[in-house]
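Next comes entry16.csv, with CSV, C-alpha atoms (C1' of nucleotides).
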chain,number,residue,atom,x,y,z
A,1,MET,CA,0.0,0.0,0.0
A,2,PRO,CA,1.6,3.3,-1.0
A,3,PHE,CA,2.2,6.0,1.5
A,4,THR,CA,3.2,9.6,1.1
A,5,LEU,CA,5.8,11.2,3.4
A,6,ALA,CA,6.8,14.8,3.9
A,7,THR,CA,9.6,16.5,5.7
A,8,TRP,CA,9.5,20.1,6.9
A,9,ASN,CA,11.6,22.3,9.1
A,10,ILE,CA,8.8,24.2,10.8
A,11,ASN,CA,10.9,26.7,12.9
A,12,SER,CA,8.7,26.4,15.9
A,13,VAL,CA,5.8,23.9,15.9
A,14,ARG,CA,3.8,25.9,18.5
A,15,LEU,CA,4.0,29.2,16.6
A,16,ARG,CA,3.1,27.5,13.3
A,17,ALA,CA,0.7,24.8,14.5
A,18,ASP,CA,-1.9,26.3,12.1
A,19,LEU,CA,0.5,26.0,9.2
A,20,VAL,CA,1.1,22.3,10.0
A,21,GLY,CA,-2.7,21.9,10.1
A,22,ARG,CA,-3.0,23.6,6.7
A,23,LEU,CA,-0.4,21.2,5.3
A,24,LEU,CA,-2.2,18.2,6.8
A,25,ARG,CA,-5.6,19.3,5.5
A,26,GLU,CA,-4.5,20.4,2.0
A,27,GLU,CA,-1.8,17.8,1.2
A,28,ALA,CA,-2.6,15.0,3.6
A,29,PRO,CA,0.7,13.1,3.7
A,30,ASP,CA,0.5,9.9,5.6
A,31,VAL,CA,3.6,10.8,7.6
A,32,LEU,CA,5.0,14.2,8.4
A,33,CYS,CA,8.5,14.6,9.8
A,34,LEU,CA,9.2,18.0,11.4
A,35,GLN,CA,12.4,19.6,12.5
A,36,GLU,CA,13.2,22.7,14.7
A,37,CYS,CA,10.1,22.2,16.7
A,38,LYS,CA,11.7,24.3,19.4
A,39,SER,CA,9.5,22.7,22.0
A,40,PRO,CA,9.5,20.1,24.8
A,41,VAL,CA,7.6,17.1,23.6
A,42,ASP,CA,4.8,17.6,26.1
A,43,LYS,CA,4.1,21.1,24.8
A,44,ILE,CA,3.8,20.1,21.1
A,45,PRO,CA,0.1,20.7,20.2
A,46,ALA,CA,-0.4,17.0,19.4
A,47,GLU,CA,-4.1,17.2,20.1
A,48,VAL,CA,-4.5,19.6,17.2
A,49,PHE,CA,-2.9,17.1,14.9
A,50,ALA,CA,-4.8,14.2,16.3
A,51,ALA,CA,-8.0,16.0,15.6
A,52,LEU,CA,-7.0,16.3,12.0
A,53,GLY,CA,-6.5,12.5,11.7
A,54,TYR,CA,-2.9,12.3,12.9
A,55,PRO,CA,-3.1,10.5,16.3
A,56,HIS,CA,0.3,9.0,16.2
A,57,MET,CA,3.5,10.9,17.2
A,58,VAL,CA,7.0,10.0,18.0
A,59,ALA,CA,9.1,13.0,19.0
A,60,ARG,CA,12.2,14.3,20.9
A,61,GLY,CA,12.3,17.8,22.2
A,62,GLN,CA,14.0,20.4,24.3
A,63,LYS,CA,13.2,23.9,25.4
A,64,GLY,CA,13.8,26.6,22.7
A,65,TYR,CA,16.1,24.7,20.3
A,66,ASN,CA,16.2,21.8,18.0
A,67,GLY,CA,13.4,19.2,18.3
A,68,VAL,CA,12.2,16.6,15.9
A,69,ALA,CA,8.8,15.0,15.5
A,70,ILE,CA,7.1,12.4,13.3
A,71,LEU,CA,3.3,12.7,12.9
A,72,SER,CA,1.4,10.0,11.3
A,73,ARG,CA,-2.1,8.7,10.2
A,74,LEU,CA,-0.6,5.2,10.4
A,75,PRO,CA,0.4,3.5,13.6
A,76,LEU,CA,4.0,4.2,14.6
A,77,GLU,CA,6.4,2.4,16.9
A,78,ASP,CA,9.1,4.5,18.6
A,79,ALA,CA,12.4,3.2,17.2
A,80,GLY,CA,14.6,5.3,19.4
A,81,HIS,CA,17.0,8.1,18.9
A,82,ARG,CA,20.8,8.7,18.7
A,83,ASP,CA,22.4,11.5,20.7
A,84,MET,CA,25.0,12.5,18.1
A,85,CYS,CA,28.1,14.0,19.7
A,86,GLY,CA,26.7,13.3,23.2
A,87,LYS,CA,25.3,16.8,23.7
A,88,GLY,CA,21.8,15.8,24.6
A,89,ASP,CA,20.4,17.6,21.6
A,90,ALA,CA,17.0,16.5,20.1
A,91,ARG,CA,18.3,16.2,16.6
A,92,HIS,CA,17.3,12.7,15.6
A,93,VAL,CA,14.3,10.4,16.2
A,94,ALA,CA,13.3,7.2,14.5
A,95,ALA,CA,9.9,5.5,14.1
A,96,ARG,CA,8.8,2.2,12.5
A,97,LEU,CA,5.6,1.6,10.5
A,98,GLU,CA,3.7,-1.6,10.8
A,99,THR,CA,5.2,-2.6,7.4
A,100,GLY,CA,8.6,-2.7,9.1
A,101,VAL,CA,9.8,0.5,7.3
A,102,THR,CA,12.0,2.6,9.6
A,103,ILE,CA,11.9,6.4,9.3
A,104,HIS,CA,14.9,8.4,10.5
A,105,ASN,CA,14.2,12.1,11.0
A,106,PHE,CA,17.3,14.2,11.3
A,107,TYR,CA,18.1,17.9,12.1
A,108,VAL,CA,21.8,18.3,11.3
A,109,PRO,CA,23.5,21.3,13.0
A,110,ALA,CA,23.5,24.5,10.8
A,111,GLY,CA,27.2,25.0,11.6
A,112,GLY,CA,27.5,28.8,12.2
A,113,ASP,CA,28.9,31.3,9.8
A,114,GLU,CA,32.6,30.6,9.5
A,115,PRO,CA,33.4,27.4,7.6
A,116,ASP,CA,36.6,26.7,9.7
A,117,ARG,CA,36.5,24.4,12.7
A,118,THR,CA,39.6,26.0,14.3
A,119,VAL,CA,37.7,29.3,14.8
A,120,ASN,CA,34.1,28.1,14.8
A,121,GLU,CA,33.2,25.2,17.0
A,122,LYS,CA,29.7,25.0,15.6
A,123,PHE,CA,31.2,24.1,12.2
A,124,GLY,CA,33.3,21.4,13.9
A,125,HIS,CA,30.2,20.1,15.6
A,126,LYS,CA,28.4,19.9,12.2
A,127,LEU,CA,31.3,17.9,10.7
A,128,ASP,CA,31.5,15.6,13.8
A,129,PHE,CA,27.8,15.0,13.7
A,130,LEU,CA,28.0,13.9,10.0
A,131,THR,CA,31.0,11.7,10.8
A,132,GLU,CA,29.1,10.0,13.5
A,133,MET,CA,26.2,9.5,11.2
A,134,ARG,CA,28.5,7.9,8.6
A,135,ASP,CA,30.1,5.5,11.2
A,136,TRP,CA,26.7,4.5,12.5
A,137,PHE,CA,25.4,3.6,9.0
A,138,ARG,CA,28.6,1.9,8.1
A,139,ASP,CA,28.4,-0.3,11.2
A,140,GLY,CA,24.9,-1.4,10.4
A,141,ARG,CA,23.9,-0.8,6.8
A,142,PRO,CA,20.2,0.3,6.9
A,143,GLU,CA,17.5,-1.8,5.3
A,144,LYS,CA,13.9,-0.9,4.6
A,145,SER,CA,14.7,2.6,5.8
A,146,ILE,CA,13.9,6.1,4.9
A,147,LEU,CA,16.1,9.1,6.0
A,148,VAL,CA,14.7,12.5,5.9
A,149,GLY,CA,15.3,15.9,7.4
A,150,ASP,CA,16.9,19.3,7.4
A,151,LEU,CA,20.5,18.1,6.6
A,152,ASN,CA,21.6,21.8,6.3
A,153,ILE,CA,23.8,20.9,3.3
A,154,ALA,CA,23.0,21.6,-0.4
A,155,PRO,CA,25.3,19.0,-2.0
A,156,ARG,CA,25.0,19.7,-5.7
A,157,GLU,CA,25.8,22.7,-7.9
A,158,ASP,CA,22.1,22.8,-8.9
A,159,ASP,CA,21.0,22.6,-5.2
A,160,VAL,CA,22.0,26.3,-4.8
A,161,TRP,CA,21.2,29.5,-6.7
A,162,SER,CA,24.9,30.1,-7.3
A,163,HIS,CA,27.5,27.4,-6.9
A,164,LYS,CA,30.4,29.9,-7.3
A,165,ASP,CA,29.0,32.4,-4.8
A,166,LEU,CA,28.3,29.7,-2.2
A,167,LEU,CA,31.5,27.7,-2.3
A,168,LYS,CA,32.7,29.4,1.0
A,169,VAL,CA,29.3,29.7,2.5
A,170,VAL,CA,28.4,27.2,5.2
A,171,SER,CA,25.9,24.6,3.7
A,172,HIS,CA,27.7,24.3,0.4
A,173,THR,CA,31.4,24.1,1.2
A,174,PRO,CA,33.4,21.2,-0.3
A,175,ILE,CA,34.2,19.7,3.1
A,176,GLU,CA,30.5,19.6,4.1
A,177,VAL,CA,29.5,18.2,0.7
A,178,ASP,CA,32.2,15.5,1.2
A,179,HIS,CA,31.0,14.6,4.7
A,180,LEU,CA,27.4,14.3,3.5
A,181,GLY,CA,28.5,12.2,0.6
A,182,GLN,CA,30.3,9.9,3.0
A,183,VAL,CA,27.1,9.5,5.1
A,184,GLN,CA,25.2,8.7,1.9
A,185,GLU,CA,27.8,6.2,0.7
A,186,ALA,CA,28.2,4.5,4.0
A,187,GLY,CA,24.4,3.7,4.2
A,188,ALA,CA,24.0,3.2,0.4
A,189,TRP,CA,21.3,5.8,0.6
A,190,VAL,CA,19.6,6.9,-2.6
A,191,ASP,CA,18.5,10.5,-2.9
A,192,VAL,CA,14.9,10.0,-3.8
A,193,THR,CA,14.2,13.6,-4.7
A,194,ARG,CA,17.1,13.7,-7.2
A,195,ALA,CA,16.1,10.3,-8.6
A,196,ASP,CA,12.8,11.9,-9.5
A,197,PHE,CA,14.4,15.2,-10.6
A,198,PRO,CA,17.9,14.4,-11.9
A,199,ASP,CA,18.4,17.7,-13.6
A,200,GLY,CA,17.8,21.3,-12.8
A,201,LYS,CA,17.6,23.7,-9.9
A,202,LEU,CA,15.8,22.5,-6.8
A,203,TYR,CA,15.5,24.5,-3.6
A,204,SER,CA,13.7,23.9,-0.3
A,205,TRP,CA,14.9,26.9,1.7
A,206,TRP,CA,14.9,30.7,1.1
A,207,SER,CA,16.5,33.1,3.7
A,208,TYR,CA,14.2,35.3,5.7
A,209,ARG,CA,16.7,38.1,5.0
A,210,ALA,CA,16.0,38.5,1.4
A,211,ARG,CA,13.9,41.5,0.5
A,212,ASP,CA,11.8,39.5,-1.9
A,213,TRP,CA,12.6,35.8,-1.6
A,214,ASP,CA,10.4,34.8,-4.6
A,215,ALA,CA,11.9,37.4,-7.0
A,216,ALA,CA,15.5,36.9,-5.9
A,217,ASP,CA,15.0,33.1,-5.7
A,218,ARG,CA,18.4,32.7,-3.9
A,219,GLY,CA,17.4,29.3,-2.6
A,220,ARG,CA,19.2,26.1,-1.4
A,221,ARG,CA,18.1,22.5,-1.2
A,222,LEU,CA,18.8,21.7,2.5
A,223,ASP,CA,15.9,19.3,3.1
A,224,HIS,CA,16.3,15.7,1.8
A,225,VAL,CA,14.5,12.4,1.4
A,226,TRP,CA,16.7,9.4,1.1
A,227,ALA,CA,15.9,5.7,0.9
A,228,SER,CA,18.0,2.6,1.6
A,229,ALA,CA,19.0,0.8,-1.6
A,230,ASP,CA,16.7,-2.1,-1.1
A,231,ILE,CA,13.5,0.0,-1.2
A,232,ALA,CA,14.8,2.9,-3.3
A,233,ALA,CA,12.9,1.7,-6.4
A,234,ALA,CA,9.6,2.1,-4.4
A,235,GLY,CA,10.2,5.8,-4.1
A,236,HIS,CA,8.6,8.2,-6.6
A,237,GLY,CA,6.4,11.2,-6.9
A,238,SER,CA,8.7,13.7,-5.3
A,239,ARG,CA,7.4,17.3,-4.8
A,240,ILE,CA,8.7,20.4,-3.2
A,241,LEU,CA,5.9,22.7,-2.0
A,242,ARG,CA,7.4,26.1,-2.9
A,243,ALA,CA,4.1,27.8,-2.3
A,244,ALA,CA,4.4,27.2,1.4
A,245,ARG,CA,7.2,29.8,1.5
A,246,GLY,CA,4.6,32.3,0.6
A,247,TRP,CA,2.1,31.4,3.3
A,248,ASP,CA,1.4,33.9,6.1
A,249,LYS,CA,4.1,33.9,8.7
A,250,PRO,CA,6.0,31.1,6.9
A,251,SER,CA,8.9,28.9,7.9
A,252,ASP,CA,12.0,29.6,5.8
A,253,HIS,CA,11.9,25.9,4.7
A,254,VAL,CA,9.2,24.3,2.7
A,255,PRO,CA,7.9,20.7,2.8
A,256,VAL,CA,9.5,18.1,0.6
A,257,PHE,CA,7.4,15.0,-0.3
A,258,ALA,CA,7.9,11.5,-1.7
A,259,THR,CA,5.6,8.5,-2.1
A,260,PHE,CA,6.7,4.9,-1.4
A,261,ASP,CA,5.0,1.9,-2.9
A,262,LEU,CA,5.6,-0.4,0.1
B,1,DA,C1',31.9,44.1,1.6
B,2,DT,C1',27.8,44.4,4.2
B,3,DG,C1',23.4,43.6,6.2
B,4,DG,C1',19.4,41.9,5.8
B,5,DT,C1',14.9,38.6,9.2
B,6,DT,C1',13.0,35.4,12.4
B,7,DG,C1',12.0,32.6,17.0
B,8,DG,C1',12.7,31.7,21.8
B,9,DA,C1',14.1,33.1,26.0
B,10,DA,C1',15.2,36.4,28.8
B,11,DC,C1',17.1,41.2,27.3
B,12,DC,C1',21.2,37.9,23.4
B,13,DC,C1',21.8,33.5,21.0
B,14,DA,C1',20.9,30.4,17.1
B,15,DA,C1',19.6,30.2,12.5
For the structure just supplied, provide its representation as structure tokens.
Amino acid sequence: MPFTLATWNINSVRLRADLVGRLLREEAPDVLCLQECKSPVDKIPAEVFAALGYPHMVARGQKGYNGVAILSRLPLEDAGHRDMCGKGDARHVAARLETGVTIHNFYVPAGGDEPDRTVNEKFGHKLDFLTEMRDWFRDGRPEKSILVGDLNIAPREDDVWSHKDLLKVVSHTPIEVDHLGQVQEAGAWVDVTRADFPDGKLYSWWSYRARDWDAADRGRRLDHVWASADIAAAGHGSRILRAARGWDKPSDHVPVFATFDL
DNA sequence: ATGGTTGGAACCCAA
């Protein structure tokens, strides 16, 4: 039975509960993975989502920062989380569907402004987080698994508005792209979005700081949907809901969708 | 080269 999944960095699930509701009503994904909930789990407005037909939630949270949640119409089993870099951050959670498919929801550190770990420890944290992800998937190659989230890296030249202008900008530097590539390779993950759209510019994030995000269109593809090699062929129908960037009081990220015939 | 906006928590930090 096919199911549709979406991933969205919501930038405060409490402030934007109504936008989450709009997405659930208008697009009705079976599973919605959220990042940057910025809320303890017990303060996520789960009852609002339950009333819209999404009674299942697996989440990790903390006050003010980070936070990841998986909302679902389908029953979910909590499949744990990994505390990358041992900081106690709520940046990963996993859930399992009754079909045995495991969904990993990640929020990779943004990495600060300076792409040099000797002067910017946040950049070092980002690289270490990615290295730990790589080692984890190398030690136990994932099967029947989907990995989604705000990975805070736009790996390809056509994942950014200007490859040349962003080579030294955190999110598109060669060392980050290399680290993300090693994560993908270690787990034999297939980029479902790019399997569906092999060519051309794709963005899922536009800065709040632009005067006119739509006209300038200086976007980056930071949000990703990957599938383990064994189920990658079941993934199709990718979509990026650019229109959500124009909603009232929007997140700076938009939802990315894929459907899986599993 | 610079500064631009947003959210949360507490009057600044992270993005």
Shortest interatomic distance to chain B - which of A:Asp128, A:Glu36, A:Asp116, A:Glu27, counting only C-alpha atoms (C1' of nucleotides):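 So, comparing all the options, the nearest one is A:Glu36.
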Selected residue of minimal separation from DA15 of chain B among A:Met133, A:Asn9, A:Pro55, A:Trp226, counting only C-alpha atoms (C1' of nucleotides):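 Once distances to DA15 of chain B are computed over only C-alpha atoms (C1' of nucleotides), the minimum belongs to A:Asn9.
The residue that comes closest to Ala186 of chain A, out of A:His253, A:Arg141, A:His81, A:Arg60 and on the basis of all atoms listed in the file, is A:Arg141.
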Long-range neighbours of segment 237-247 of chain A as JSON, numbers by chain, 6 Å cut-off, all atoms listed in the file, 3 positions minimum in chain: {"A": [193, 250, 254, 255, 256, 257, 258, 259]}
Please write the residues from the selection above to a file, keeping C-alpha atoms, as a compact mmCIF listing (two decimals), keeping the file's coordinate frame.
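Result file is part-v5.txt:
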# COMPACT_ATOMS: atom_id res chain seq x y z
CA THR A 193 14.20 13.60 -4.70
CA PRO A 250 6.00 31.10 6.90
CA VAL A 254 9.20 24.30 2.70
CA PRO A 255 7.90 20.70 2.80
CA VAL A 256 9.50 18.10 0.60
CA PHE A 257 7.40 15.00 -0.30
CA ALA A 258 7.90 11.50 -1.70
CA THR A 259 5.60 8.50 -2.10
Check: which chain B residues lie within 9 Å of chain A using only C-alpha atoms (C1' of nucleotides), as a PyMOL selection string: chain B and resi 3-9+14-15
Polymer residues at most 9 Å from (2.7, 11.5, 1.5) by all atoms listed in the file, as a list in words: Pro2, Phe3, Thr4, Leu5, Ala6, Glu27, Ala28, Pro29, Asp30, Val31, Leu32, Phe257, Ala258, Thr259 and Phe260 of chain A
Arg156 of chain A environment, 9 Å, only C-alpha atoms (C1' of nucleotides), sequence neighbours closer than 3 positions dropped, as an MDAnalysis selection string: chainID A and resid 159:160 163 172 177 221
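Between atom CA of Ala69 of chain A and atom CA of Arg96 of chain A there is a distance of 13.1 Å.
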Atom CA of Tyr54 of chain A to atom CA of Ser72 of chain A, distance in Å rounded to a single decimal: 5.1 Å
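Here atom CA of Glu157 of chain A and atom CA of Met84 of chain A stand 27.9 Å from one another.
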